[in-house]
$ cat work04.cif   # mmCIF, C-alpha atoms
data_model
#
loop_
_atom_site.label_atom_id
_atom_site.label_comp_id
_atom_site.auth_asym_id
_atom_site.auth_seq_id
_atom_site.Cartn_x
_atom_site.Cartn_y
_atom_site.Cartn_z
CA MET A 208 -10.08 32.92 -36.82
CA LEU A 209 -8.06 31.88 -33.77
CA PHE A 210 -10.89 29.58 -32.68
CA ARG A 211 -11.03 27.89 -36.10
CA ILE A 212 -7.24 27.37 -36.17
CA CYS A 213 -7.23 25.85 -32.66
CA SER A 214 -10.18 23.61 -33.54
CA LEU A 215 -8.39 22.42 -36.68
CA ALA A 216 -5.21 21.68 -34.71
CA ILE A 217 -7.16 19.63 -32.17
CA SER A 218 -8.91 17.72 -34.95
CA VAL A 219 -5.64 16.92 -36.67
CA ARG A 220 -4.18 15.53 -33.45
CA ASN A 221 -7.16 13.21 -33.02
CA VAL A 222 -7.36 11.93 -36.57
CA VAL A 223 -5.82 8.68 -37.73
CA ARG A 224 -5.46 7.89 -41.41
CA SER A 225 -6.62 4.36 -42.15
CA GLY A 226 -6.86 2.93 -45.64
CA GLY A 227 -6.64 6.38 -47.20
CA GLN A 228 -9.63 7.62 -45.20
CA GLN A 229 -9.82 9.69 -42.05
CA CYS A 230 -11.44 8.38 -38.88
CA LEU A 231 -11.45 9.56 -35.29
CA LYS A 232 -9.14 7.55 -33.04
CA PRO A 233 -11.27 5.96 -30.30
CA ARG A 234 -10.31 6.76 -26.73
CA THR A 235 -10.19 3.57 -24.70
CA MET A 236 -11.75 3.83 -21.25
CA VAL A 237 -11.21 1.60 -18.24
CA THR A 238 -14.24 0.47 -16.25
CA LEU A 239 -14.47 -0.30 -12.54
CA GLN A 240 -14.78 -4.01 -13.21
CA GLU A 241 -11.62 -3.97 -15.33
CA VAL A 242 -9.69 -2.30 -12.51
CA ILE A 243 -11.03 -4.80 -9.98
CA LYS A 244 -10.03 -7.68 -12.25
CA GLN A 245 -6.45 -6.41 -12.37
CA LEU A 246 -6.41 -5.95 -8.60
CA LYS A 247 -7.62 -9.51 -8.09
CA ASP A 248 -5.14 -10.85 -10.64
CA PHE A 249 -2.32 -9.20 -8.70
CA ALA A 250 -3.55 -10.28 -5.27
CA PRO A 251 -6.51 -12.70 -5.10
CA GLU A 252 -8.94 -11.75 -2.37
CA ASN A 253 -9.08 -15.33 -1.05
CA ILE A 254 -5.46 -15.18 0.16
CA ALA A 255 -6.34 -12.49 2.69
CA GLU A 256 -6.65 -13.42 6.35
CA LYS A 257 -10.07 -14.84 7.26
CA TRP A 258 -10.72 -12.04 9.76
CA ASP A 259 -10.03 -9.33 7.19
CA ASN A 260 -12.47 -7.28 5.11
CA VAL A 261 -11.04 -6.94 1.60
CA GLY A 262 -12.41 -6.21 -1.86
CA LEU A 263 -14.89 -3.64 -3.14
CA LEU A 264 -16.32 -1.91 -0.07
CA VAL A 265 -18.19 0.98 -1.70
CA GLU A 266 -19.78 0.55 -5.11
CA PRO A 267 -20.74 3.61 -7.19
CA ARG A 268 -24.26 3.93 -8.57
CA ASN A 269 -23.10 3.75 -12.19
CA GLN A 270 -20.50 1.02 -12.65
CA THR A 271 -20.11 1.74 -16.35
CA ASN A 272 -18.60 5.19 -15.79
CA PRO A 273 -14.94 5.27 -16.89
CA ILE A 274 -12.19 5.23 -14.26
CA SER A 275 -9.76 7.91 -15.39
CA ASN A 276 -8.13 8.65 -12.01
CA ILE A 277 -7.33 6.31 -9.12
CA LEU A 278 -6.01 7.45 -5.74
CA LEU A 279 -3.84 5.11 -3.64
CA THR A 280 -3.71 5.57 0.13
CA ASN A 281 -2.63 3.62 3.16
CA ASP A 282 -5.39 5.01 5.38
CA LEU A 283 -8.62 6.56 4.18
CA THR A 284 -9.16 9.77 6.13
CA GLU A 285 -11.40 12.75 5.45
CA ALA A 286 -8.36 14.63 4.10
CA VAL A 287 -7.74 11.83 1.59
CA VAL A 288 -11.38 11.87 0.45
CA THR A 289 -11.10 15.63 -0.11
CA GLU A 290 -7.95 15.02 -2.15
CA ALA A 291 -9.76 12.36 -4.19
CA ARG A 292 -12.49 14.86 -5.09
CA GLU A 293 -9.91 17.50 -6.01
CA ARG A 294 -8.10 15.01 -8.26
CA ASN A 295 -11.42 13.93 -9.81
CA ALA A 296 -10.70 10.35 -8.74
CA GLN A 297 -13.47 7.86 -9.43
CA MET A 298 -11.83 5.21 -7.26
CA ILE A 299 -9.83 5.04 -4.03
CA ILE A 300 -7.68 2.00 -3.25
CA SER A 301 -7.18 2.08 0.51
CA TYR A 302 -4.73 -0.47 1.89
CA HIS A 303 -6.47 -0.47 5.28
CA PRO A 304 -10.22 -1.13 4.97
CA PRO A 305 -12.24 1.90 6.11
CA ILE A 306 -15.11 -0.49 6.85
CA PHE A 307 -13.90 -3.14 9.26
CA ALA A 308 -16.17 -3.31 12.27
CA PRO A 309 -19.84 -3.43 11.15
CA LEU A 310 -21.46 -0.03 10.63
CA LYS A 311 -24.89 0.15 12.27
CA ARG A 312 -25.75 3.55 10.84
CA LEU A 313 -24.46 6.24 8.47
CA THR A 314 -24.58 9.64 10.16
CA GLN A 315 -22.46 12.76 10.35
CA ALA A 316 -21.45 11.97 13.94
CA SER A 317 -18.46 9.76 13.10
CA TRP A 318 -15.55 10.51 10.75
CA LYS A 319 -15.62 6.95 9.41
CA GLU A 320 -19.31 7.27 8.58
CA ARG A 321 -18.76 10.67 6.95
CA ILE A 322 -16.07 9.14 4.71
CA ILE A 323 -18.47 6.51 3.38
CA ILE A 324 -21.27 9.04 2.91
CA ASP A 325 -18.94 11.40 1.04
CA CYS A 326 -17.72 8.68 -1.32
CA ILE A 327 -21.26 7.48 -2.04
CA ARG A 328 -22.41 11.07 -2.67
CA ASN A 329 -19.53 11.65 -5.11
CA ASP A 330 -19.71 8.25 -6.83
CA ILE A 331 -16.23 7.23 -5.64
CA ALA A 332 -15.56 3.50 -5.40
CA ILE A 333 -13.52 2.17 -2.46
CA TYR A 334 -11.45 -1.01 -2.73
CA SER A 335 -9.27 -2.42 0.05
CA PRO A 336 -6.65 -5.20 -0.46
CA HIS A 337 -5.08 -5.18 3.05
CA THR A 338 -3.72 -8.63 3.99
CA SER A 339 -3.99 -9.96 0.44
CA TRP A 340 -1.20 -7.49 -0.38
CA ASP A 341 0.72 -8.70 2.67
CA SER A 342 0.50 -12.31 1.58
CA VAL A 343 1.07 -12.06 -2.18
CA ASN A 344 4.46 -12.30 -3.87
CA ASN A 345 5.90 -8.85 -4.66
CA GLY A 346 3.50 -7.33 -2.17
CA VAL A 347 3.97 -5.25 0.98
CA ASN A 348 6.10 -7.74 2.92
CA ASP A 349 8.38 -8.45 -0.03
CA TRP A 350 8.80 -4.70 -0.51
CA LEU A 351 9.77 -4.30 3.16
CA ALA A 352 12.08 -7.34 3.00
CA ALA A 353 13.92 -5.66 0.12
CA SER A 354 15.28 -3.15 2.66
CA LEU A 355 18.21 -5.56 2.94
CA PRO A 356 19.88 -7.75 0.28
CA TYR A 357 18.60 -11.30 0.60
CA ASP A 358 19.38 -14.60 -1.03
CA ASN A 359 16.40 -16.56 0.20
CA CYS A 360 13.02 -15.20 1.30
CA LYS A 361 9.88 -17.17 2.14
CA PRO A 362 6.63 -16.68 4.08
CA ILE A 363 6.82 -17.22 7.82
CA HIS A 364 3.32 -18.70 7.90
CA GLN A 365 2.23 -20.26 4.61
CA ASN A 366 -1.31 -19.83 3.36
CA GLU A 367 -3.06 -23.20 3.81
CA SER A 368 -4.70 -23.13 0.38
CA PHE A 369 -1.90 -21.33 -1.48
CA PRO A 370 1.51 -22.34 0.01
CA ALA A 371 3.43 -19.89 -2.22
CA TYR A 372 1.74 -17.05 -0.34
CA GLY A 373 1.63 -16.26 3.35
CA SER A 374 2.15 -13.79 6.18
CA GLY A 375 5.52 -12.31 7.09
CA ARG A 376 8.87 -13.11 5.50
CA MET A 377 11.95 -14.95 6.70
CA CYS A 378 15.07 -13.90 4.80
CA GLU A 379 18.78 -14.66 4.69
CA ILE A 380 21.33 -11.93 3.97
CA SER A 381 23.26 -12.52 0.77
CA GLY A 382 26.51 -11.35 -0.74
CA GLU A 383 27.92 -9.19 2.02
CA THR A 384 28.39 -8.74 5.75
CA ILE A 385 25.95 -6.30 7.36
CA ASN A 386 25.95 -5.29 11.01
CA VAL A 387 23.03 -3.91 12.99
CA ARG A 388 24.01 -0.26 12.49
CA ASP A 389 24.32 -0.58 8.71
CA ALA A 390 21.14 -2.65 8.46
CA VAL A 391 19.10 -0.03 10.29
CA GLN A 392 20.42 2.75 8.02
CA ARG A 393 19.46 0.74 4.95
CA ILE A 394 15.99 0.09 6.32
CA ILE A 395 15.45 3.78 7.08
CA LYS A 396 16.58 4.74 3.58
CA HIS A 397 14.45 2.10 1.85
CA THR A 398 11.29 3.09 3.70
CA GLN A 399 12.07 6.81 3.25
CA MET A 400 11.92 7.43 6.97
CA ASP A 401 13.94 9.87 9.05
CA CYS A 402 14.38 7.49 11.96
CA ALA A 403 13.40 4.16 13.48
CA MET A 404 13.05 2.82 17.01
CA VAL A 405 15.62 0.10 17.56
CA SER A 406 16.18 -2.39 20.35
CA VAL A 407 19.72 -3.78 20.16
CA THR A 408 20.63 -6.97 21.97
CA GLY A 409 23.32 -6.16 24.52
CA GLY A 410 23.77 -2.75 22.91
CA ASN A 411 26.07 -4.29 20.29
CA GLU A 412 25.48 -2.37 17.04
CA ASN A 413 28.34 -4.25 15.35
CA ARG A 414 26.60 -7.60 15.61
CA ILE A 415 26.34 -9.28 12.20
CA ILE A 416 22.87 -9.88 10.75
CA GLN A 417 22.49 -13.18 8.91
CA LYS A 418 18.77 -13.92 9.19
CA TYR A 419 15.98 -11.40 9.54
CA ALA A 420 12.20 -11.64 9.77
CA VAL A 421 9.76 -9.10 8.40
CA CYS A 422 6.11 -8.30 9.04
CA ALA A 423 4.63 -4.99 7.92
CA GLY A 424 2.17 -3.32 10.27
CA SER A 425 1.63 -4.95 13.64
CA GLY A 426 4.03 -7.88 13.56
CA ALA A 427 4.06 -9.38 17.04
CA SER A 428 1.66 -12.27 16.39
CA VAL A 429 3.45 -13.28 13.18
CA LEU A 430 6.99 -12.86 14.52
CA LYS A 431 6.43 -14.45 17.92
CA GLY A 432 8.94 -17.25 18.49
CA VAL A 433 10.65 -16.79 15.11
CA GLN A 434 14.41 -17.38 15.32
CA ALA A 435 16.16 -14.47 13.61
CA ASP A 436 18.91 -11.93 14.24
CA MET A 437 16.54 -9.04 13.49
CA TYR A 438 12.82 -8.31 13.33
CA ILE A 439 11.62 -5.53 11.01
CA THR A 440 8.05 -4.43 11.62
CA GLY A 441 5.79 -1.48 12.27
CA GLU A 442 4.87 -1.93 15.90
CA MET A 443 5.21 -4.25 18.87
CA SER A 444 4.33 -3.73 22.52
CA HIS A 445 6.95 -2.95 25.16
CA HIS A 446 6.84 -6.48 26.55
CA GLU A 447 6.99 -8.07 23.11
CA VAL A 448 10.11 -6.07 22.26
CA LEU A 449 11.61 -6.96 25.63
CA GLU A 450 10.93 -10.66 25.00
CA ALA A 451 12.52 -10.59 21.54
CA THR A 452 15.58 -8.65 22.70
CA SER A 453 16.08 -10.97 25.66
CA ASN A 454 16.06 -13.89 23.24
CA GLY A 455 18.84 -12.33 21.17
CA THR A 456 16.81 -10.65 18.42
CA CYS A 457 17.30 -7.01 17.46
CA VAL A 458 13.98 -5.22 16.82
CA VAL A 459 13.43 -2.38 14.33
CA LEU A 460 10.12 -0.51 14.67
CA LEU A 461 9.11 1.89 11.90
CA GLY A 462 5.59 2.80 13.00
CA HIS A 463 2.56 0.82 11.85
CA SER A 464 1.64 2.60 8.62
CA ASN A 465 5.22 3.72 7.92
CA SER A 466 6.18 0.08 7.43
CA GLU A 467 3.51 -0.21 4.71
CA ARG A 468 3.04 3.17 3.02
CA GLY A 469 6.16 3.09 0.83
CA PHE A 470 4.78 0.16 -1.13
CA LEU A 471 2.18 2.46 -2.68
CA GLN A 472 4.81 4.05 -4.93
CA THR A 473 5.81 0.59 -6.13
CA PHE A 474 2.21 -0.43 -6.68
CA LYS A 475 1.48 2.76 -8.60
CA ASP A 476 3.83 1.53 -11.33
CA ILE A 477 2.44 -2.01 -11.16
CA LEU A 478 -1.18 -0.90 -11.59
CA THR A 479 -0.38 1.68 -14.27
CA LYS A 480 1.31 -1.03 -16.32
CA ARG A 481 -1.52 -3.50 -15.75
CA LEU A 482 -4.04 -0.93 -16.98
CA ASN A 483 -1.88 -0.18 -20.03
CA GLN A 484 -1.47 3.44 -18.91
CA LYS A 485 -5.13 4.12 -19.68
CA THR A 486 -5.77 5.42 -16.16
CA VAL A 487 -3.80 7.94 -14.11
CA VAL A 488 -2.79 6.42 -10.77
CA HIS A 489 -1.95 8.85 -7.96
CA VAL A 490 -0.38 8.25 -4.54
CA SER A 491 -2.08 10.39 -1.92
CA SER A 492 -0.13 13.37 -0.64
CA SER A 493 -2.56 13.75 2.28
CA ASP A 494 -2.04 10.25 3.66
CA ARG A 495 0.45 10.14 6.54
CA ASP A 496 1.09 8.42 9.83
CA PRO A 497 -1.02 10.02 12.60
CA THR A 498 2.02 10.34 14.86
CA THR A 499 5.25 12.25 14.41
CA LEU A 500 8.50 12.48 16.35
CA MET A 501 8.88 15.70 18.34
CA LEU A 502 12.25 16.48 19.91
CA GLY A 503 12.76 18.36 23.14
CA GLU A 504 13.95 21.95 22.94
CA ASN A 505 17.42 21.01 24.17
CA ALA A 506 17.77 17.85 22.08
CA ASN A 507 20.68 17.68 19.62
#
$ encode --input "work04.cif" --output "structure tokens"
Amino acid sequence: MLFRICSLAISVRNVVRSGGQQCLKPRTMVTLQEVIKQLKDFAPENIAEKWDNVGLLVEPRNQTNPISNILLTNDLTEAVVTEARERNAQMIISYHPPIFAPLKRLTQASWKERIIIDCIRNDIAIYSPHTSWDSVNNGVNDWLAASLPYDNCKPIHQNESFPAYGSGRMCEISGETINVRDAVQRIIKHTQMDCAMVSVTGGNENRIIQKYAVCAGSGASVLKGVQADMYITGEMSHHEVLEATSNGTCVVLLGHSNSERGFLQTFKDILTKRLNQKTVVHVSSSDRDPTTLMLGENAN
């Protein structure tokens, strides 16, 4: 009797009355190609850097299978692949491409090769947007630029074919006066970090920031020679930081992937909306920067 009552309740929930008759409400599924279309509509693959490897990197055997769960990650590690299987994800969107240098073989000897083998074995698609997300409006660099209030923000290096897009961002502070100390605290809060490495020109934390330049990830090549009061990026070499500071620019380093990873939460909402909430989009809980800050035993 309990089984019959439960079955009836389930049937009632799935029935829609139409024209006085009962019919089962169809469940709309999203296919891999539909997801890829939305990803391309958000950030066209042809705005990525020429050296990059973006797009669909691993294609499942059956492309008609529905995509009910998508996992977002900044880096695709073995832990993230395990999480994808546990979440029953049919697709992983990895910001950094797990296939970059050519693979000459697929064996169990290398963790990168094992990742690809595991995804193929479990019919998990892999898509990587990388620098197309950096270049596009409302992408990674715009998210990072929003650490501070700006009035004007434009690409540092415009895309030759699509001038509205480009690498890095040059921004002007709007509406209020912000010094170096306050700017750094806002950046840390926005990126959900505990700390940042900061090089302050002349040690003056009260210096006012009017113009700042942003480049998520490794920003030295994009930011080189840019006139700004502050650089916000993931990483630069010792000599590159020294050069910038000597030229009067404060440098804020967040760590390579830490300057990018927070965008995934923003993109989760973007993709969910684009797919009309037909697919569950997850942000990986296993994905993290490979380095962490360890304090000495006597540190305060």
$ residues_around --input "work04.cif" --residues "Arg393 of chain A" --least-positions-apart "3" --cutoff "8 Å" --atoms "all atoms listed in the file" --output "PyMOL selection string"
chain A and resi 354-355+389-390+396-397
$ write_last_selection --input "work04.cif" --atoms "C-alpha atoms" --output "JSON list (two decimals), in the coordinates of the input"
[["chain", "number", "residue", "atom", "x", "y", "z"],
["A", 354, "SER", "CA", 15.28, -3.15, 2.66],
["A", 355, "LEU", "CA", 18.21, -5.56, 2.94],
["A", 389, "ASP", "CA", 24.32, -0.58, 8.71],
["A", 390, "ALA", "CA", 21.14, -2.65, 8.46],
["A", 396, "LYS", "CA", 16.58, 4.74, 3.58],
["A", 397, "HIS", "CA", 14.45, 2.10, 1.85]]
$ closest_residue --input "work04.cif" --among "A:His303, A:His445, A:Lys257, A:His364" --to "Leu279 of chain A" --atoms "all atoms listed in the file"
A:His303
$ closest_residue --input "work04.cif" --among "A:Ala427, A:Val407, A:Leu461, A:Leu264" --to "Thr498 of chain A" --atoms "all atoms listed in the file"
A:Leu461
$ atom_distance --input "work04.cif" --atom1 "atom CA of Thr238 of chain A" --atom2 "atom CA of Pro267 of chain A"
11.6 Å
$ residues_around --input "work04.cif" --residues "Val343 of chain A" --least-positions-apart "3" --cutoff "8 Å" --atoms "only C-alpha atoms" --output "JSON, numbers by chain"
{"A": [249, 250, 254, 339, 340, 346, 372, 373]}
$ write_last_selection --input "work04.cif" --atoms "C-alpha atoms" --output "PDB file, in the frame of the given file"
ATOM      1  CA  PHE A 249      -2.320  -9.200  -8.700  1.00  0.00           C
ATOM      2  CA  ALA A 250      -3.550 -10.280  -5.270  1.00  0.00           C
ATOM      3  CA  ILE A 254      -5.460 -15.180   0.160  1.00  0.00           C
ATOM      4  CA  SER A 339      -3.990  -9.960   0.440  1.00  0.00           C
ATOM      5  CA  TRP A 340      -1.200  -7.490  -0.380  1.00  0.00           C
ATOM      6  CA  GLY A 346       3.500  -7.330  -2.170  1.00  0.00           C
ATOM      7  CA  TYR A 372       1.740 -17.050  -0.340  1.00  0.00           C
ATOM      8  CA  GLY A 373       1.630 -16.260   3.350  1.00  0.00           C
TER       9      GLY A 373
END
$ decode --input "work04.cif" --residues "segment 244-257 of chain A" --atoms "all heavy atoms" --output "PDB file, in the first residue's frame"
ATOM      1  N   LYS A 244      27.937  25.577 -27.313  1.00  0.00           N
ATOM      2  CA  LYS A 244      27.428  26.768 -27.988  1.00  0.00           C
ATOM      3  C   LYS A 244      27.337  27.941 -27.027  1.00  0.00           C
ATOM      4  O   LYS A 244      27.721  29.077 -27.361  1.00  0.00           O
ATOM      5  CB  LYS A 244      26.053  26.492 -28.600  1.00  0.00           C
ATOM      6  CG  LYS A 244      25.444  27.716 -29.307  1.00  0.00           C
ATOM      7  CD  LYS A 244      24.062  27.425 -29.852  1.00  0.00           C
ATOM      8  CE  LYS A 244      23.518  28.639 -30.608  1.00  0.00           C
ATOM      9  NZ  LYS A 244      23.476  29.869 -29.771  1.00  0.00           N
ATOM     10  N   GLN A 245      26.840  27.687 -25.820  1.00  0.00           N
ATOM     11  CA  GLN A 245      26.732  28.756 -24.832  1.00  0.00           C
ATOM     12  C   GLN A 245      28.108  29.245 -24.376  1.00  0.00           C
ATOM     13  O   GLN A 245      28.301  30.445 -24.147  1.00  0.00           O
ATOM     14  CB  GLN A 245      25.916  28.280 -23.624  1.00  0.00           C
ATOM     15  CG  GLN A 245      24.446  28.041 -23.925  1.00  0.00           C
ATOM     16  CD  GLN A 245      23.756  29.283 -24.461  1.00  0.00           C
ATOM     17  OE1 GLN A 245      24.046  30.412 -24.054  1.00  0.00           O
ATOM     18  NE2 GLN A 245      22.831  29.082 -25.391  1.00  0.00           N
ATOM     19  N   LEU A 246      29.055  28.331 -24.273  1.00  0.00           N
ATOM     20  CA  LEU A 246      30.412  28.718 -23.904  1.00  0.00           C
ATOM     21  C   LEU A 246      31.040  29.593 -24.988  1.00  0.00           C
ATOM     22  O   LEU A 246      31.700  30.599 -24.697  1.00  0.00           O
ATOM     23  CB  LEU A 246      31.276  27.474 -23.671  1.00  0.00           C
ATOM     24  CG  LEU A 246      30.929  26.636 -22.443  1.00  0.00           C
ATOM     25  CD1 LEU A 246      31.693  25.317 -22.453  1.00  0.00           C
ATOM     26  CD2 LEU A 246      31.214  27.396 -21.158  1.00  0.00           C
ATOM     27  N   LYS A 247      30.813  29.237 -26.234  1.00  0.00           N
ATOM     28  CA  LYS A 247      31.349  30.025 -27.343  1.00  0.00           C
ATOM     29  C   LYS A 247      30.641  31.368 -27.474  1.00  0.00           C
ATOM     30  O   LYS A 247      31.260  32.368 -27.853  1.00  0.00           O
ATOM     31  CB  LYS A 247      31.226  29.248 -28.651  1.00  0.00           C
ATOM     32  CG  LYS A 247      32.158  28.050 -28.756  1.00  0.00           C
ATOM     33  CD  LYS A 247      31.975  27.350 -30.090  1.00  0.00           C
ATOM     34  CE  LYS A 247      32.936  26.192 -30.257  1.00  0.00           C
ATOM     35  NZ  LYS A 247      32.751  25.497 -31.569  1.00  0.00           N
ATOM     36  N   ASP A 248      29.338  31.385 -27.178  1.00  0.00           N
ATOM     37  CA  ASP A 248      28.601  32.649 -27.229  1.00  0.00           C
ATOM     38  C   ASP A 248      29.118  33.616 -26.166  1.00  0.00           C
ATOM     39  O   ASP A 248      29.182  34.830 -26.393  1.00  0.00           O
ATOM     40  CB  ASP A 248      27.106  32.406 -27.026  1.00  0.00           C
ATOM     41  CG  ASP A 248      26.442  31.801 -28.259  1.00  0.00           C
ATOM     42  OD1 ASP A 248      27.079  31.785 -29.333  1.00  0.00           O
ATOM     43  OD2 ASP A 248      25.291  31.339 -28.132  1.00  0.00           O
ATOM     44  N   PHE A 249      29.476  33.080 -25.014  1.00  0.00           N
ATOM     45  CA  PHE A 249      30.012  33.929 -23.944  1.00  0.00           C
ATOM     46  C   PHE A 249      31.416  34.411 -24.280  1.00  0.00           C
ATOM     47  O   PHE A 249      31.733  35.602 -24.123  1.00  0.00           O
ATOM     48  CB  PHE A 249      30.030  33.167 -22.617  1.00  0.00           C
ATOM     49  CG  PHE A 249      30.710  33.926 -21.504  1.00  0.00           C
ATOM     50  CD1 PHE A 249      30.092  35.012 -20.903  1.00  0.00           C
ATOM     51  CD2 PHE A 249      31.984  33.560 -21.077  1.00  0.00           C
ATOM     52  CE1 PHE A 249      30.728  35.729 -19.894  1.00  0.00           C
ATOM     53  CE2 PHE A 249      32.624  34.268 -20.067  1.00  0.00           C
ATOM     54  CZ  PHE A 249      32.000  35.361 -19.475  1.00  0.00           C
ATOM     55  N   ALA A 250      32.260  33.494 -24.729  1.00  0.00           N
ATOM     56  CA  ALA A 250      33.654  33.833 -25.040  1.00  0.00           C
ATOM     57  C   ALA A 250      34.074  33.079 -26.298  1.00  0.00           C
ATOM     58  O   ALA A 250      34.448  31.897 -26.223  1.00  0.00           O
ATOM     59  CB  ALA A 250      34.569  33.484 -23.873  1.00  0.00           C
ATOM     60  N   PRO A 251      34.009  33.721 -27.464  1.00  0.00           N
ATOM     61  CA  PRO A 251      34.409  33.053 -28.711  1.00  0.00           C
ATOM     62  C   PRO A 251      35.834  32.521 -28.629  1.00  0.00           C
ATOM     63  O   PRO A 251      36.724  33.192 -28.086  1.00  0.00           O
ATOM     64  CB  PRO A 251      34.304  34.171 -29.755  1.00  0.00           C
ATOM     65  CG  PRO A 251      33.342  35.159 -29.171  1.00  0.00           C
ATOM     66  CD  PRO A 251      33.556  35.105 -27.689  1.00  0.00           C
ATOM     67  N   GLU A 252      36.041  31.334 -29.135  1.00  0.00           N
ATOM     68  CA  GLU A 252      37.358  30.718 -29.057  1.00  0.00           C
ATOM     69  C   GLU A 252      38.409  31.494 -29.851  1.00  0.00           C
ATOM     70  O   GLU A 252      39.595  31.464 -29.518  1.00  0.00           O
ATOM     71  CB  GLU A 252      37.285  29.270 -29.547  1.00  0.00           C
ATOM     72  CG  GLU A 252      36.450  28.373 -28.639  1.00  0.00           C
ATOM     73  CD  GLU A 252      36.277  26.981 -29.198  1.00  0.00           C
ATOM     74  OE1 GLU A 252      36.905  26.668 -30.242  1.00  0.00           O
ATOM     75  OE2 GLU A 252      35.513  26.189 -28.601  1.00  0.00           O
ATOM     76  N   ASN A 253      37.979  32.222 -30.894  1.00  0.00           N
ATOM     77  CA  ASN A 253      38.953  32.918 -31.737  1.00  0.00           C
ATOM     78  C   ASN A 253      39.482  34.211 -31.130  1.00  0.00           C
ATOM     79  O   ASN A 253      40.300  34.895 -31.752  1.00  0.00           O
ATOM     80  CB  ASN A 253      38.368  33.198 -33.128  1.00  0.00           C
ATOM     81  CG  ASN A 253      37.094  34.022 -33.083  1.00  0.00           C
ATOM     82  OD1 ASN A 253      36.609  34.375 -32.010  1.00  0.00           O
ATOM     83  ND2 ASN A 253      36.538  34.313 -34.242  1.00  0.00           N
ATOM     84  N   ILE A 254      39.053  34.554 -29.906  1.00  0.00           N
ATOM     85  CA  ILE A 254      39.652  35.718 -29.236  1.00  0.00           C
ATOM     86  C   ILE A 254      40.740  35.288 -28.260  1.00  0.00           C
ATOM     87  O   ILE A 254      41.371  36.134 -27.623  1.00  0.00           O
ATOM     88  CB  ILE A 254      38.589  36.577 -28.507  1.00  0.00           C
ATOM     89  CG1 ILE A 254      37.983  35.826 -27.315  1.00  0.00           C
ATOM     90  CG2 ILE A 254      37.517  37.050 -29.465  1.00  0.00           C
ATOM     91  CD1 ILE A 254      37.066  36.682 -26.455  1.00  0.00           C
ATOM     92  N   ALA A 255      40.975  33.985 -28.158  1.00  0.00           N
ATOM     93  CA  ALA A 255      42.064  33.489 -27.316  1.00  0.00           C
ATOM     94  C   ALA A 255      43.403  33.823 -27.968  1.00  0.00           C
ATOM     95  O   ALA A 255      43.489  34.096 -29.172  1.00  0.00           O
ATOM     96  CB  ALA A 255      41.930  31.982 -27.113  1.00  0.00           C
ATOM     97  N   GLU A 256      44.458  33.807 -27.160  1.00  0.00           N
ATOM     98  CA  GLU A 256      45.797  34.041 -27.700  1.00  0.00           C
ATOM     99  C   GLU A 256      46.148  32.928 -28.696  1.00  0.00           C
ATOM    100  O   GLU A 256      45.724  31.779 -28.539  1.00  0.00           O
ATOM    101  CB  GLU A 256      46.827  34.076 -26.576  1.00  0.00           C
ATOM    102  CG  GLU A 256      46.607  35.185 -25.553  1.00  0.00           C
ATOM    103  CD  GLU A 256      46.803  36.582 -26.143  1.00  0.00           C
ATOM    104  OE1 GLU A 256      47.536  36.706 -27.158  1.00  0.00           O
ATOM    105  OE2 GLU A 256      46.230  37.536 -25.591  1.00  0.00           O
ATOM    106  N   LYS A 257      46.938  33.271 -29.705  1.00  0.00           N
ATOM    107  CA  LYS A 257      47.256  32.317 -30.767  1.00  0.00           C
ATOM    108  C   LYS A 257      48.022  31.102 -30.246  1.00  0.00           C
ATOM    109  O   LYS A 257      47.932  30.007 -30.816  1.00  0.00           O
ATOM    110  CB  LYS A 257      48.055  33.022 -31.870  1.00  0.00           C
ATOM    111  CG  LYS A 257      47.245  34.097 -32.602  1.00  0.00           C
ATOM    112  CD  LYS A 257      48.081  34.786 -33.664  1.00  0.00           C
ATOM    113  CE  LYS A 257      47.265  35.869 -34.368  1.00  0.00           C
ATOM    114  NZ  LYS A 257      48.066  36.592 -35.401  1.00  0.00           N
TER     115      LYS A 257
END
